[in-house]
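Below is final_39.cif, which holds mmCIF, C-alpha atoms.
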data_upload
loop_
_atom_site.label_atom_id
_atom_site.label_comp_id
_atom_site.auth_asym_id
_atom_site.auth_seq_id
_atom_site.Cartn_x
_atom_site.Cartn_y
_atom_site.Cartn_z
CA MET M 1180 22.73 5.91 -27.60
CA ILE M 1181 22.46 7.09 -24.01
CA VAL M 1182 25.13 9.44 -22.63
CA PHE M 1183 25.81 10.03 -18.95
CA TYR M 1184 27.83 13.17 -18.24
CA ASN M 1185 29.08 15.48 -15.52
CA LYS M 1186 26.78 18.51 -15.57
CA LYS M 1187 29.47 20.76 -14.13
CA THR M 1188 32.33 19.89 -16.47
CA GLY M 1189 30.60 18.35 -19.50
CA ASP M 1190 32.87 15.31 -19.20
CA ILE M 1191 31.34 12.08 -20.43
CA ILE M 1192 31.25 9.43 -17.70
CA GLY M 1193 29.79 6.64 -19.80
CA THR M 1194 27.54 5.60 -22.64
CA VAL M 1195 25.12 2.86 -23.58
CA ASN M 1196 25.60 2.18 -27.26
CA GLY M 1197 22.87 1.22 -29.70
CA ARG M 1198 19.86 2.93 -31.26
CA ALA M 1199 16.99 1.14 -29.61
CA HIS M 1200 16.68 0.52 -25.89
CA ASP M 1201 13.93 -1.22 -23.99
CA LYS M 1202 11.94 0.56 -21.29
CA HIS M 1203 13.86 -1.18 -18.51
CA THR M 1204 17.15 0.20 -19.78
CA LEU M 1205 15.76 3.68 -20.33
CA ASP M 1206 14.20 3.81 -16.87
CA ASN M 1207 16.73 1.94 -14.77
CA PHE M 1208 20.20 2.15 -16.28
CA SER M 1209 22.71 4.71 -15.07
CA ILE M 1210 26.46 5.23 -14.91
CA SER M 1211 28.11 7.25 -12.16
CA VAL M 1212 31.12 7.42 -9.90
CA GLU M 1213 30.69 6.48 -6.24
CA GLY M 1214 30.54 9.55 -4.04
CA MET M 1215 29.47 11.83 -6.86
CA ASP M 1216 26.27 13.74 -6.21
CA LYS M 1217 23.54 12.16 -8.36
CA SER M 1218 22.19 15.61 -9.19
CA ASP M 1219 25.51 16.40 -10.91
CA ILE M 1220 25.06 13.56 -13.40
CA GLY M 1221 23.14 14.26 -16.59
CA LYS M 1222 21.51 11.68 -18.83
CA TYR M 1223 20.99 12.32 -22.52
CA VAL M 1224 19.04 9.87 -24.65
CA VAL M 1225 19.82 10.61 -28.29
CA PRO M 1226 16.49 10.87 -30.16
CA TYR M 1227 16.10 8.94 -33.40
CA ALA M 1228 13.51 9.38 -36.13
CA PRO M 1229 12.55 7.03 -38.96
CA VAL M 1230 13.59 7.90 -42.51
CA GLU M 1231 10.60 7.08 -44.73
CA LYS M 1232 10.37 6.90 -48.49
CA ASN M 1233 7.72 6.05 -51.08
CA ILE M 1234 8.73 2.88 -52.89
CA GLU M 1235 7.09 1.24 -55.90
CA VAL M 1236 6.48 -2.46 -55.38
CA PRO M 1237 5.03 -4.94 -57.90
CA ILE M 1238 1.51 -6.29 -57.55
CA LYS M 1239 1.72 -10.06 -58.00
CA GLU M 1240 -0.91 -12.64 -58.72
CA LEU M 1241 -0.76 -16.42 -58.83
CA ARG M 1242 -2.15 -17.92 -62.03
CA VAL M 1243 -2.39 -21.37 -63.50
CA LYS M 1244 -0.54 -21.81 -66.77
CA LYS M 1245 -2.66 -23.40 -69.43
CA GLY M 1246 -1.34 -26.65 -70.80
CA THR M 1247 1.14 -27.42 -67.98
CA MET M 1248 -1.34 -26.51 -65.18
CA LYS M 1249 1.63 -25.10 -63.22
CA VAL M 1250 1.04 -22.24 -60.76
CA ILE M 1251 3.09 -19.19 -61.74
CA GLU M 1252 3.56 -15.73 -60.27
CA VAL M 1253 2.64 -12.87 -62.58
CA ILE M 1254 3.31 -9.15 -62.08
CA VAL M 1255 0.10 -7.34 -62.96
CA GLY M 1256 0.98 -3.81 -61.93
CA LYS M 1257 2.73 -1.55 -59.44
CA ARG M 1258 1.71 0.22 -56.29
CA THR M 1259 3.39 2.78 -54.05
CA VAL M 1260 4.00 1.97 -50.40
CA ARG M 1261 5.61 4.08 -47.68
CA LYS M 1262 8.53 2.25 -46.11
CA THR M 1263 10.80 3.01 -43.17
CA LEU M 1264 14.33 2.66 -44.47
CA GLU M 1265 16.31 3.35 -41.30
CA LEU M 1266 16.50 5.29 -38.06
CA THR M 1267 18.62 8.41 -37.98
CA PRO M 1268 19.55 10.78 -35.13
CA ASP M 1269 16.86 13.45 -34.91
CA VAL M 1270 19.14 16.30 -33.82
CA SER M 1271 20.94 19.20 -35.51
CA PHE M 1272 24.31 17.56 -34.74
CA LYS M 1273 23.33 14.22 -36.26
CA ASP M 1274 26.57 13.95 -38.27
CA LYS M 1275 28.52 13.92 -35.01
CA ILE M 1276 26.34 11.12 -33.61
CA LEU M 1277 26.78 9.13 -36.82
CA ASP M 1278 30.56 9.59 -36.55
CA PHE M 1279 30.44 8.28 -32.96
CA GLU M 1280 28.38 5.28 -34.06
CA SER M 1281 30.63 4.43 -36.99
CA GLY M 1282 33.81 4.82 -34.94
CA LYS M 1283 35.06 7.64 -37.15
CA GLU M 1284 35.25 9.75 -34.00
CA ASP M 1285 35.48 8.74 -30.33
CA ILE M 1286 32.86 10.28 -28.08
CA MET M 1287 35.41 10.14 -25.26
CA ASP M 1288 37.45 12.79 -27.07
CA HIS M 1289 34.51 15.15 -26.61
CA LYS M 1290 32.65 17.10 -23.96
CA ILE M 1291 28.92 17.61 -24.04
CA LYS M 1292 27.83 21.17 -24.81
CA LEU M 1293 24.89 22.50 -22.79
CA ASP M 1294 23.05 25.80 -22.70
CA LYS M 1295 22.32 27.57 -19.40
CA ASP M 1296 19.12 25.54 -18.97
CA GLY M 1297 20.98 22.26 -19.41
CA THR M 1298 19.67 21.53 -22.90
CA VAL M 1299 22.13 19.53 -24.99
CA LEU M 1300 23.46 21.62 -27.88
CA GLY M 1301 26.03 19.15 -29.20
CA PHE M 1302 29.51 17.81 -28.54
CA ASP M 1303 32.78 19.77 -28.59
CA LYS M 1304 36.10 18.11 -29.26
CA LYS M 1305 38.43 18.33 -26.26
CA ALA M 1306 41.73 20.15 -26.70
CA LYS M 1307 44.55 17.65 -27.19
CA HIS M 1308 46.81 17.29 -24.17
CA ILE M 1309 50.45 17.58 -25.20
CA ASP M 1310 53.05 16.19 -22.82
CA SER M 1311 56.04 18.48 -22.34
CA MET D 224 17.49 -31.50 -27.78
CA GLY D 225 15.60 -33.49 -30.37
CA ASP D 226 16.06 -33.49 -34.12
CA TYR D 227 14.88 -29.96 -34.57
CA GLY D 228 16.53 -26.58 -34.08
CA PHE D 229 18.51 -24.12 -36.01
CA LYS D 230 22.18 -24.05 -36.95
CA VAL D 231 24.45 -22.20 -39.34
CA SER D 232 27.81 -23.47 -40.49
CA GLN D 233 30.89 -21.56 -41.56
CA PRO D 234 31.41 -21.18 -45.32
CA GLY D 235 32.74 -24.42 -46.78
CA TYR D 236 31.19 -26.73 -44.17
CA ASP D 237 28.05 -28.81 -44.65
CA VAL D 238 25.67 -27.71 -41.91
CA GLY D 239 24.35 -31.26 -41.64
CA THR D 240 27.69 -32.80 -40.74
CA ALA D 241 29.84 -29.90 -39.49
CA GLU D 242 31.48 -30.25 -36.08
CA ILE D 243 30.38 -27.75 -33.43
CA ARG D 244 33.62 -25.77 -33.77
CA ASN D 245 32.82 -25.18 -37.43
CA LEU D 246 29.36 -23.77 -36.74
CA VAL D 247 28.68 -20.05 -36.59
CA TYR D 248 25.51 -20.63 -34.58
CA SER D 249 23.55 -23.51 -33.08
CA SER D 250 20.30 -23.27 -31.12
CA GLU D 251 21.45 -26.38 -29.23
CA TYR D 252 23.87 -24.26 -27.18
CA ASP D 253 23.39 -21.20 -25.02
CA THR D 254 24.87 -17.93 -26.20
CA PHE D 255 25.71 -14.65 -24.56
CA LYS D 256 22.83 -12.23 -25.02
CA VAL D 257 23.91 -8.61 -24.70
CA TYR D 258 21.77 -6.46 -22.42
CA ALA D 259 23.87 -3.29 -22.71
CA PHE D 260 27.30 -2.27 -23.84
CA GLY D 261 29.16 0.99 -23.94
CA ALA D 262 32.21 2.93 -22.90
CA GLY D 263 33.31 5.73 -20.65
CA THR D 264 36.06 7.52 -18.81
CA ILE D 265 36.86 7.72 -15.11
CA THR D 266 39.31 10.19 -13.61
CA ALA D 267 41.89 8.72 -11.25
CA SER D 268 42.05 10.09 -7.73
CA THR D 269 44.99 9.59 -5.38
CA ALA D 270 42.93 10.80 -2.42
CA ALA D 271 40.79 7.66 -2.41
CA ALA D 272 39.87 4.71 -4.61
CA THR D 273 37.53 5.60 -7.46
CA THR D 274 34.58 3.27 -7.94
CA LEU D 275 32.64 3.31 -11.17
CA VAL D 276 28.98 2.32 -10.74
CA ILE D 277 27.08 0.92 -13.72
CA ASN D 278 23.57 0.60 -12.38
CA HIS D 279 21.68 -2.17 -14.24
CA ASN D 280 18.84 -3.00 -11.77
CA MET D 281 18.36 -6.47 -13.28
CA ASN D 282 17.54 -8.03 -9.88
CA TYR D 283 20.07 -10.81 -10.45
CA ARG D 284 23.83 -10.93 -10.98
CA PRO D 285 24.38 -10.77 -14.74
CA ALA D 286 27.44 -12.04 -16.57
CA PHE D 287 29.67 -9.19 -17.70
CA ALA D 288 32.97 -8.28 -19.32
CA PHE D 289 34.94 -5.18 -18.42
CA TYR D 290 37.93 -3.82 -20.34
CA THR D 291 40.04 -0.91 -19.18
CA GLN D 292 43.05 1.14 -20.07
CA ILE D 293 45.75 0.96 -17.40
CA PHE D 294 48.41 3.38 -16.27
CA ASP D 295 51.72 1.78 -17.27
CA VAL D 296 54.13 2.70 -14.47
CA PHE D 297 57.13 1.53 -16.49
CA VAL D 298 56.31 3.90 -19.35
CA GLY D 299 54.61 6.64 -17.36
CA THR D 300 51.49 6.95 -19.53
CA THR D 301 48.09 5.40 -19.93
CA THR D 302 48.00 2.53 -22.40
CA THR D 303 46.10 2.87 -25.65
CA GLU D 304 45.16 -0.82 -25.41
CA TYR D 305 42.42 -2.13 -23.17
CA ASN D 306 43.06 -4.88 -20.63
CA MET D 307 40.43 -7.29 -19.39
CA ALA D 308 39.72 -6.61 -15.72
CA PRO D 309 40.49 -7.60 -13.00
CA TYR D 310 43.95 -6.12 -13.33
CA SER D 311 46.61 -6.52 -10.65
CA ASP D 312 49.32 -3.92 -10.73
CA PRO D 313 52.82 -5.48 -10.68
CA VAL D 314 54.17 -2.71 -8.45
CA GLY D 315 51.72 -3.49 -5.67
CA GLY D 316 49.91 -1.16 -3.31
CA ASP D 317 46.31 -0.07 -3.80
CA ALA D 318 46.68 -0.06 -7.56
CA SER D 319 44.49 -2.87 -8.87
CA ILE D 320 41.35 -2.53 -10.95
CA ILE D 321 38.65 -4.88 -9.70
CA PRO D 322 35.14 -5.30 -11.15
CA TYR D 323 32.36 -7.02 -9.22
CA VAL D 324 28.71 -7.48 -9.97
CA GLY D 325 25.64 -7.36 -7.75
CA THR D 326 21.90 -7.57 -8.33
CA ALA D 327 21.65 -3.79 -8.87
CA ASP D 328 24.97 -2.75 -10.34
CA LEU D 329 28.35 -3.56 -11.78
CA ARG D 330 31.02 -1.79 -9.74
CA VAL D 331 34.63 -1.32 -10.71
CA ARG D 332 37.14 -0.20 -8.11
CA PHE D 333 40.22 1.64 -9.35
CA GLY D 334 42.83 1.70 -6.55
CA ARG D 335 44.02 5.13 -5.46
CA GLN D 336 47.62 4.33 -6.32
CA HIS D 337 46.85 3.12 -9.83
CA ALA D 338 47.51 6.39 -11.68
CA PRO D 339 48.55 10.00 -10.98
CA ASN D 340 45.74 12.22 -9.76
CA GLY D 341 43.51 13.44 -12.57
CA THR D 342 44.57 10.80 -15.12
CA PRO D 343 41.66 9.90 -17.43
CA ILE D 344 41.23 6.14 -17.83
CA ARG D 345 38.90 4.82 -20.51
CA TYR D 346 36.84 1.66 -20.19
CA LYS D 347 34.45 -0.52 -22.18
CA TYR D 348 31.82 -2.83 -20.74
CA PHE D 349 29.38 -5.54 -21.74
CA LEU D 350 26.47 -6.67 -19.56
CA TYR D 351 24.66 -9.85 -20.56
CA TYR D 352 21.19 -11.18 -19.88
CA ASN D 353 22.90 -14.45 -18.91
CA GLN D 354 23.04 -14.99 -15.18
CA ALA D 355 26.42 -15.24 -13.43
CA ARG D 356 26.63 -18.34 -11.28
#

Taking this structure as input, can you express it in the form of C-alpha coordinates?
Amino acid sequence: MIVFYNKKTGDIIGTVNGRAHDKHTLDNFSISVEGMDKSDIGKYVVPYAPVEKNIEVPIKELRVKKGTMKVIEVIVGKRTVRKTLELTPDVSFKDKILDFESGKEDIMDHKIKLDKDGTVLGFDKKAKHIDS
Amino acid sequence: MGDYGFKVSQPGYDVGTAEIRNLVYSSEYDTFKVYAFGAGTITASTAAATTLVINHNMNYRPAFAFYTQIFDVFVGTTTTEYNMAPYSDPVGGDASIIPYVGTADLRVRFGRQHAPNGTPIRYKYFLYYNQAR
(Lines of atoms letter the chains of each structure in order from A and count residues from 1; the text may use other names and numbers.)
(Lines give C-alpha, C1' and ligand atoms only; values in the text may rest on other atoms or scores of the structure.)
Protein backbone atom coordinates (compact mmCIF):
# COMPACT_ATOMS: atom_id res chain seq x y z
CA MET A 1 0.00 0.00 0.00
CA ILE A 2 1.22 3.47 -0.89
CA VAL A 3 -0.36 6.48 0.83
CA PHE A 4 -0.19 10.05 -0.44
CA TYR A 5 -1.03 12.67 2.18
CA ASN A 6 -1.05 16.37 2.94
CA LYS A 7 1.99 17.01 5.12
CA LYS A 8 0.38 20.05 6.74
CA THR A 9 -2.98 18.53 7.68
CA GLY A 10 -2.33 14.78 7.66
CA ASP A 11 -5.31 14.33 5.32
CA ILE A 12 -5.04 11.38 2.97
CA ILE A 13 -5.26 12.45 -0.67
CA GLY A 14 -5.07 8.98 -2.19
CA THR A 15 -3.76 5.45 -1.98
CA VAL A 16 -2.45 2.71 -4.22
CA ASN A 17 -3.74 -0.56 -2.83
CA GLY A 18 -1.88 -3.85 -2.84
CA ARG A 19 1.18 -5.28 -1.12
CA ALA A 20 3.64 -5.56 -3.95
CA HIS A 21 4.39 -2.80 -6.43
CA ASP A 22 6.79 -2.80 -9.34
CA LYS A 23 9.65 -0.32 -9.57
CA HIS A 24 7.82 1.79 -12.13
CA THR A 25 4.91 2.33 -9.76
CA LEU A 26 7.15 3.03 -6.78
CA ASP A 27 9.25 5.53 -8.72
CA ASN A 28 6.69 7.21 -10.94
CA PHE A 29 3.23 7.07 -9.40
CA SER A 30 1.83 9.98 -7.43
CA ILE A 31 -1.51 11.47 -6.44
CA SER A 32 -1.98 15.19 -5.87
CA VAL A 33 -4.38 18.05 -6.38
CA GLU A 34 -3.62 20.58 -9.13
CA GLY A 35 -2.19 23.78 -7.69
CA MET A 36 -1.00 22.12 -4.51
CA ASP A 37 2.68 22.58 -3.77
CA LYS A 38 4.42 19.25 -4.47
CA SER A 39 6.55 19.70 -1.36
CA ASP A 40 3.37 19.61 0.75
CA ILE A 41 2.52 16.09 -0.45
CA GLY A 42 3.98 13.16 1.45
CA LYS A 43 4.36 9.62 0.16
CA TYR A 44 4.40 6.66 2.50
CA VAL A 45 5.14 3.17 1.20
CA VAL A 46 4.00 0.68 3.82
CA PRO A 47 6.88 -1.77 4.43
CA TYR A 48 6.11 -5.48 4.40
CA ALA A 49 8.20 -8.34 5.73
CA PRO A 50 7.92 -12.07 5.04
CA VAL A 51 6.59 -14.35 7.78
CA GLU A 52 8.77 -17.48 7.71
CA LYS A 53 8.28 -20.79 9.45
CA ASN A 54 10.07 -24.14 9.62
CA ILE A 55 7.88 -26.80 8.05
CA GLU A 56 8.41 -30.56 7.93
CA VAL A 57 7.98 -31.98 4.45
CA PRO A 58 8.17 -35.64 3.41
CA ILE A 59 11.15 -37.00 1.50
CA LYS A 60 9.77 -39.03 -1.41
CA GLU A 61 11.35 -41.59 -3.66
CA LEU A 62 10.08 -43.35 -6.76
CA ARG A 63 10.39 -47.13 -6.61
CA VAL A 64 9.34 -49.99 -8.80
CA LYS A 65 6.91 -52.39 -7.18
CA LYS A 66 7.97 -55.98 -7.52
CA GLY A 67 5.52 -58.21 -9.33
CA THR A 68 3.46 -55.45 -11.01
CA MET A 69 6.54 -53.42 -12.09
CA LYS A 70 4.51 -50.25 -11.40
CA VAL A 71 6.33 -47.07 -10.35
CA ILE A 72 5.14 -45.90 -6.94
CA GLU A 73 5.97 -42.96 -4.71
CA VAL A 74 7.27 -43.88 -1.27
CA ILE A 75 7.82 -41.58 1.71
CA VAL A 76 11.23 -42.46 3.15
CA GLY A 77 11.62 -39.72 5.74
CA LYS A 78 11.07 -36.09 6.66
CA ARG A 79 13.10 -32.94 6.37
CA THR A 80 12.67 -29.41 7.66
CA VAL A 81 12.48 -26.52 5.20
CA ARG A 82 12.06 -22.80 5.86
CA LYS A 83 9.05 -21.44 4.00
CA THR A 84 7.66 -17.94 3.52
CA LEU A 85 4.01 -18.15 4.50
CA GLU A 86 2.90 -14.59 3.79
CA LEU A 87 3.85 -10.93 3.79
CA THR A 88 2.79 -8.82 6.74
CA PRO A 89 3.12 -5.07 7.42
CA ASP A 90 6.46 -4.48 9.10
CA VAL A 91 5.35 -1.60 11.33
CA SER A 92 4.23 -1.17 14.94
CA PHE A 93 0.71 -0.26 13.74
CA LYS A 94 0.38 -3.34 11.53
CA ASP A 95 -3.10 -4.20 12.89
CA LYS A 96 -4.37 -0.89 11.53
CA ILE A 97 -2.90 -1.62 8.08
CA LEU A 98 -4.46 -5.10 8.13
CA ASP A 99 -7.83 -3.53 9.01
CA PHE A 100 -7.48 -1.15 6.05
CA GLU A 101 -6.62 -4.04 3.75
CA SER A 102 -9.50 -6.22 4.91
CA GLY A 103 -12.01 -3.37 4.72
CA LYS A 104 -12.74 -3.58 8.45
CA GLU A 105 -11.74 0.08 8.64
CA ASP A 106 -11.62 2.77 5.94
CA ILE A 107 -8.31 4.58 5.65
CA MET A 108 -10.27 7.65 4.51
CA ASP A 109 -11.72 7.93 8.02
CA HIS A 110 -8.18 8.51 9.27
CA LYS A 111 -5.39 11.07 9.23
CA ILE A 112 -1.75 10.12 9.07
CA LYS A 113 0.19 10.76 12.28
CA LEU A 114 3.69 12.19 11.86
CA ASP A 115 6.41 13.21 14.29
CA LYS A 116 8.19 16.57 13.96
CA ASP A 117 10.67 15.06 11.48
CA GLY A 118 7.89 13.76 9.27
CA THR A 119 8.29 10.11 10.22
CA VAL A 120 5.03 8.18 10.03
CA LEU A 121 3.89 7.08 13.49
CA GLY A 122 0.52 5.63 12.52
CA PHE A 123 -3.03 6.61 11.65
CA ASP A 124 -5.53 8.42 13.87
CA LYS A 125 -9.26 8.10 13.39
CA LYS A 126 -10.86 11.41 12.43
CA ALA A 127 -13.50 12.85 14.75
CA LYS A 128 -16.97 12.13 13.37
CA HIS A 129 -18.68 15.18 11.90
CA ILE A 130 -22.19 15.53 13.29
CA ASP A 131 -24.64 17.68 11.34
CA SER A 132 -26.69 20.01 13.53
CA MET B 1 -6.14 -18.63 -32.28
CA GLY B 2 -5.40 -22.27 -32.94
CA ASP B 3 -6.48 -25.30 -30.94
CA TYR B 4 -4.41 -24.42 -27.94
CA GLY B 5 -4.88 -22.00 -25.07
CA PHE B 6 -6.35 -21.91 -21.67
CA LYS B 7 -9.94 -21.59 -20.52
CA VAL B 8 -11.94 -22.08 -17.35
CA SER B 9 -15.68 -22.62 -17.25
CA GLN B 10 -18.19 -21.75 -14.58
CA PRO B 11 -19.22 -24.58 -12.24
CA GLY B 12 -21.68 -26.88 -13.99
CA TYR B 13 -20.45 -26.19 -17.53
CA ASP B 14 -18.19 -28.47 -19.57
CA VAL B 15 -15.16 -26.38 -20.45
CA GLY B 16 -14.92 -28.15 -23.80
CA THR B 17 -18.36 -27.09 -24.99
CA ALA B 18 -19.31 -24.09 -22.83
CA GLU B 19 -20.36 -20.89 -24.60
CA ILE B 20 -18.12 -17.86 -24.04
CA ARG B 21 -20.64 -16.29 -21.65
CA ASN B 22 -20.36 -19.34 -19.41
CA LEU B 23 -16.57 -19.15 -19.16
CA VAL B 24 -14.80 -17.54 -16.23
CA TYR B 25 -11.65 -17.05 -18.29
CA SER B 26 -10.40 -17.68 -21.81
CA SER B 27 -6.93 -16.88 -23.16
CA GLU B 28 -8.61 -16.37 -26.55
CA TYR B 29 -9.90 -12.96 -25.41
CA ASP B 30 -8.17 -9.90 -24.02
CA THR B 31 -8.80 -8.98 -20.42
CA PHE B 32 -8.34 -5.86 -18.35
CA LYS B 33 -5.00 -6.01 -16.57
CA VAL B 34 -4.89 -3.78 -13.51
CA TYR B 35 -1.85 -1.53 -13.22
CA ALA B 36 -2.94 0.28 -10.06
CA PHE B 37 -6.06 0.81 -8.04
CA GLY B 38 -6.86 2.76 -4.93
CA ALA B 39 -8.98 5.41 -3.31
CA GLY B 40 -8.79 8.90 -1.92
CA THR B 41 -10.53 12.08 -0.89
CA ILE B 42 -10.59 15.52 -2.48
CA THR B 43 -11.90 18.63 -0.76
CA ALA B 44 -14.34 20.71 -2.77
CA SER B 45 -13.48 24.34 -3.39
CA THR B 46 -15.98 26.96 -4.52
CA ALA B 47 -13.18 29.38 -5.38
CA ALA B 48 -12.09 27.34 -8.38
CA ALA B 49 -12.48 23.88 -9.89
CA THR B 50 -10.51 21.19 -8.08
CA THR B 51 -8.51 18.85 -10.29
CA LEU B 52 -7.23 15.58 -8.93
CA VAL B 53 -4.02 14.41 -10.60
CA ILE B 54 -3.16 10.70 -10.58
CA ASN B 55 0.28 10.64 -12.13
CA HIS B 56 0.92 7.27 -13.82
CA ASN B 57 3.77 8.12 -16.27
CA MET B 58 2.94 5.14 -18.50
CA ASN B 59 3.83 7.05 -21.69
CA TYR B 60 0.53 6.06 -23.31
CA ARG B 61 -3.12 6.68 -22.51
CA PRO B 62 -4.24 3.75 -20.35
CA ALA B 63 -7.81 2.55 -19.96
CA PHE B 64 -9.26 3.55 -16.60
CA ALA B 65 -12.38 3.58 -14.45
CA PHE B 66 -13.16 6.32 -11.97
CA TYR B 67 -15.90 6.22 -9.34
CA THR B 68 -16.82 9.14 -7.12
CA GLN B 69 -19.20 10.21 -4.43
CA ILE B 70 -21.32 13.17 -5.49
CA PHE B 71 -22.92 16.01 -3.58
CA ASP B 72 -26.67 15.42 -3.86
CA VAL B 73 -28.18 18.91 -4.11
CA PHE B 74 -31.69 17.58 -3.55
CA VAL B 75 -30.72 16.00 -0.22
CA GLY B 76 -27.97 18.41 0.77
CA THR B 77 -25.33 15.80 1.61
CA THR B 78 -22.65 13.75 -0.06
CA THR B 79 -23.84 10.35 -1.22
CA THR B 80 -22.52 7.20 0.41
CA GLU B 81 -22.69 5.45 -2.98
CA TYR B 82 -20.10 5.93 -5.69
CA ASN B 83 -21.08 7.01 -9.21
CA MET B 84 -19.11 6.19 -12.32
CA ALA B 85 -17.60 9.37 -13.75
CA PRO B 86 -18.14 11.44 -15.84
CA TYR B 87 -21.02 12.85 -13.84
CA SER B 88 -23.17 15.72 -15.11
CA ASP B 89 -24.96 17.63 -12.41
CA PRO B 90 -28.71 18.01 -13.16
CA VAL B 91 -28.77 21.54 -11.74
CA GLY B 92 -26.21 22.80 -14.24
CA GLY B 93 -23.42 25.30 -13.80
CA ASP B 94 -19.80 24.31 -13.24
CA ALA B 95 -20.79 21.26 -11.24
CA SER B 96 -19.79 18.24 -13.30
CA ILE B 97 -17.10 15.71 -12.48
CA ILE B 98 -15.04 14.89 -15.56
CA PRO B 99 -12.12 12.44 -15.76
CA TYR B 100 -9.68 12.47 -18.67
CA VAL B 101 -6.51 10.54 -19.29
CA GLY B 102 -3.21 11.55 -20.86
CA THR B 103 0.14 9.86 -21.36
CA ALA B 104 1.40 11.04 -17.95
CA ASP B 105 -1.67 11.26 -15.75
CA LEU B 106 -5.34 10.68 -15.12
CA ARG B 107 -6.97 13.99 -14.23
CA VAL B 108 -10.39 14.46 -12.72
CA ARG B 109 -11.97 17.90 -12.69
CA PHE B 110 -14.53 18.61 -9.99
CA GLY B 111 -16.48 21.76 -10.93
CA ARG B 112 -16.41 24.59 -8.39
CA GLN B 113 -20.17 24.57 -8.02
CA HIS B 114 -20.41 20.85 -7.37
CA ALA B 115 -20.39 20.96 -3.56
CA PRO B 116 -20.18 23.49 -0.70
CA ASN B 117 -16.68 24.69 0.07
CA GLY B 118 -14.71 22.22 2.16
CA THR B 119 -16.92 19.20 1.42
CA PRO B 120 -14.85 15.98 1.36
CA ILE B 121 -15.62 13.81 -1.68
CA ARG B 122 -14.29 10.27 -1.81
CA TYR B 123 -13.23 8.50 -4.99
CA LYS B 124 -11.97 5.12 -6.20
CA TYR B 125 -9.93 4.51 -9.33
CA PHE B 126 -8.61 1.72 -11.51
CA LEU B 127 -5.83 2.17 -14.07
CA TYR B 128 -5.24 -0.64 -16.54
CA TYR B 129 -2.26 -1.70 -18.60
CA ASN B 130 -4.66 -1.85 -21.56
CA GLN B 131 -4.31 1.08 -23.91
CA ALA B 132 -7.25 3.44 -24.44
CA ARG B 133 -7.99 3.91 -28.12

Would you write out, as a CSV table (one decimal) with C-alpha atoms, in the coordinates of the input, every residue that the PyMOL selection byres ((chain D) within 10 of (chain M)) captures in this file?
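Okay, this is what ended up in expr.csv:
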chain,number,residue,atom,x,y,z
D,258,TYR,CA,21.8,-6.5,-22.4
D,259,ALA,CA,23.9,-3.3,-22.7
D,260,PHE,CA,27.3,-2.3,-23.8
D,261,GLY,CA,29.2,1.0,-23.9
D,262,ALA,CA,32.2,2.9,-22.9
D,263,GLY,CA,33.3,5.7,-20.6
D,264,THR,CA,36.1,7.5,-18.8
D,265,ILE,CA,36.9,7.7,-15.1
D,266,THR,CA,39.3,10.2,-13.6
D,272,ALA,CA,39.9,4.7,-4.6
D,273,THR,CA,37.5,5.6,-7.5
D,274,THR,CA,34.6,3.3,-7.9
D,275,LEU,CA,32.6,3.3,-11.2
D,276,VAL,CA,29.0,2.3,-10.7
D,277,ILE,CA,27.1,0.9,-13.7
D,278,ASN,CA,23.6,0.6,-12.4
D,279,HIS,CA,21.7,-2.2,-14.2
D,280,ASN,CA,18.8,-3.0,-11.8
D,281,MET,CA,18.4,-6.5,-13.3
D,300,THR,CA,51.5,7.0,-19.5
D,327,ALA,CA,21.6,-3.8,-8.9
D,328,ASP,CA,25.0,-2.8,-10.3
D,329,LEU,CA,28.4,-3.6,-11.8
D,330,ARG,CA,31.0,-1.8,-9.7
D,331,VAL,CA,34.6,-1.3,-10.7
D,332,ARG,CA,37.1,-0.2,-8.1
D,345,ARG,CA,38.9,4.8,-20.5
D,346,TYR,CA,36.8,1.7,-20.2
D,347,LYS,CA,34.4,-0.5,-22.2
D,348,TYR,CA,31.8,-2.8,-20.7
D,349,PHE,CA,29.4,-5.5,-21.7

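This file gives the following result for the PyMOL selection byres ((chain M and resi 1221) around 8): Val1182, Phe1183, Tyr1184, Asn1185, Lys1186, Ser1218, Asp1219, Ile1220, Lys1222 and Tyr1223 of chain M.
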
Quick one: which residues end up in the PyMOL selection byres ((chain M and resi 1254) around 12) for this structure, as a short mmCIF file (atom, residue, chain, number, x, y, z; two decimals) with C-alpha atoms, in the coordinates of the input?
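Output saved as expr02.cif:
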data_model
loop_
_atom_site.label_atom_id
_atom_site.label_comp_id
_atom_site.auth_asym_id
_atom_site.auth_seq_id
_atom_site.Cartn_x
_atom_site.Cartn_y
_atom_site.Cartn_z
CA VAL M 1236 6.48 -2.46 -55.38
CA PRO M 1237 5.03 -4.94 -57.90
CA ILE M 1238 1.51 -6.29 -57.55
CA LYS M 1239 1.72 -10.06 -58.00
CA GLU M 1240 -0.91 -12.64 -58.72
CA LEU M 1241 -0.76 -16.42 -58.83
CA ARG M 1242 -2.15 -17.92 -62.03
CA ILE M 1251 3.09 -19.19 -61.74
CA GLU M 1252 3.56 -15.73 -60.27
CA VAL M 1253 2.64 -12.87 -62.58
CA VAL M 1255 0.10 -7.34 -62.96
CA GLY M 1256 0.98 -3.81 -61.93
CA LYS M 1257 2.73 -1.55 -59.44
CA ARG M 1258 1.71 0.22 -56.29
#

Quiz prompt | Separation of atom CA of M:Ala1228 from atom CA of M:Thr1298, in Å and rounded to one decimal | solution = 19.0 Å

Quiz item: Looking at all atoms listed in the file, which of M:Ala1199, M:Leu1205, M:Val1250, M:Val1225 is the one that sits closest to M:Lys1275?
Solution: M:Val1225

Quiz item: Suppose you want the space between atom CA of D:Asn353 and atom CA of D:Pro322; what is it in Å?
Solution: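 These two atoms are separated by 17.1 Å.
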
Practice problem: Quick one: pull the distance between atom CA of M:Lys1232 and atom CA of M:Arg1198, Å, one decimal. | Solution: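 Value for the atom CA of M:Lys1232-atom CA of M:Arg1198 distance: 20.1 Å.
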
Quiz item: Which residues, written as a VMD selection string, have at least one atom at most 12 Å from D:Tyr227, with only C-alpha atoms counted and residues fewer than 6 positions away on the same chain left out?
Solution: chain D and resid 239 249 to 251

If I wrap all listed atoms of stretch 315-322 of chain D in a box with edges along x, y and z and add 4 Å on each side, what are its centre and edge lengths in Å to one decimal, as JSON?
{"center_x": 43.4, "center_y": -2.7, "center_z": -7.2, "size_x": 24.6, "size_y": 13.2, "size_z": 15.8}

Quiz prompt | For D:Phe255: contacts at 12 Å, only C-alpha atoms, fewer than 4 positions along chain excluded, given as a list of chain:residue names | solution = D:Tyr248, D:Ala259, D:Pro285, D:Ala286, D:Phe287, D:Ala288, D:Phe349, D:Leu350, D:Tyr351, D:Tyr352, D:Asn353, D:Gln354, D:Ala355

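When only C-alpha atoms are used to compute distances to M:Ile1234, the closest of the residues M:Ile1291, M:Leu1300, M:Lys1262, M:Asp1216 turns out to be M:Lys1262.
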
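Using only C-alpha atoms, the shortest contact distance between M:Glu1284 and any of M:Met1215, M:Lys1304, M:Val1230, M:Val1224 is found at M:Lys1304.
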
Quiz item: If we count all atoms listed in the file, what is near D:Gly299 at a cut-off of 10 Å, once residues fewer than 5 positions away on the same chain are taken out, given as a ChimeraX atom specification?
Solution: /D:294,338-339

Quiz item: Of the candidates D:Thr326, D:Thr342, D:Asn245, D:Gln233, which shows the shortest atom-to-atom distance to D:Thr301, using all atoms listed in the file?
Solution: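 Selected residue with least distance to D:Thr301: D:Thr342.
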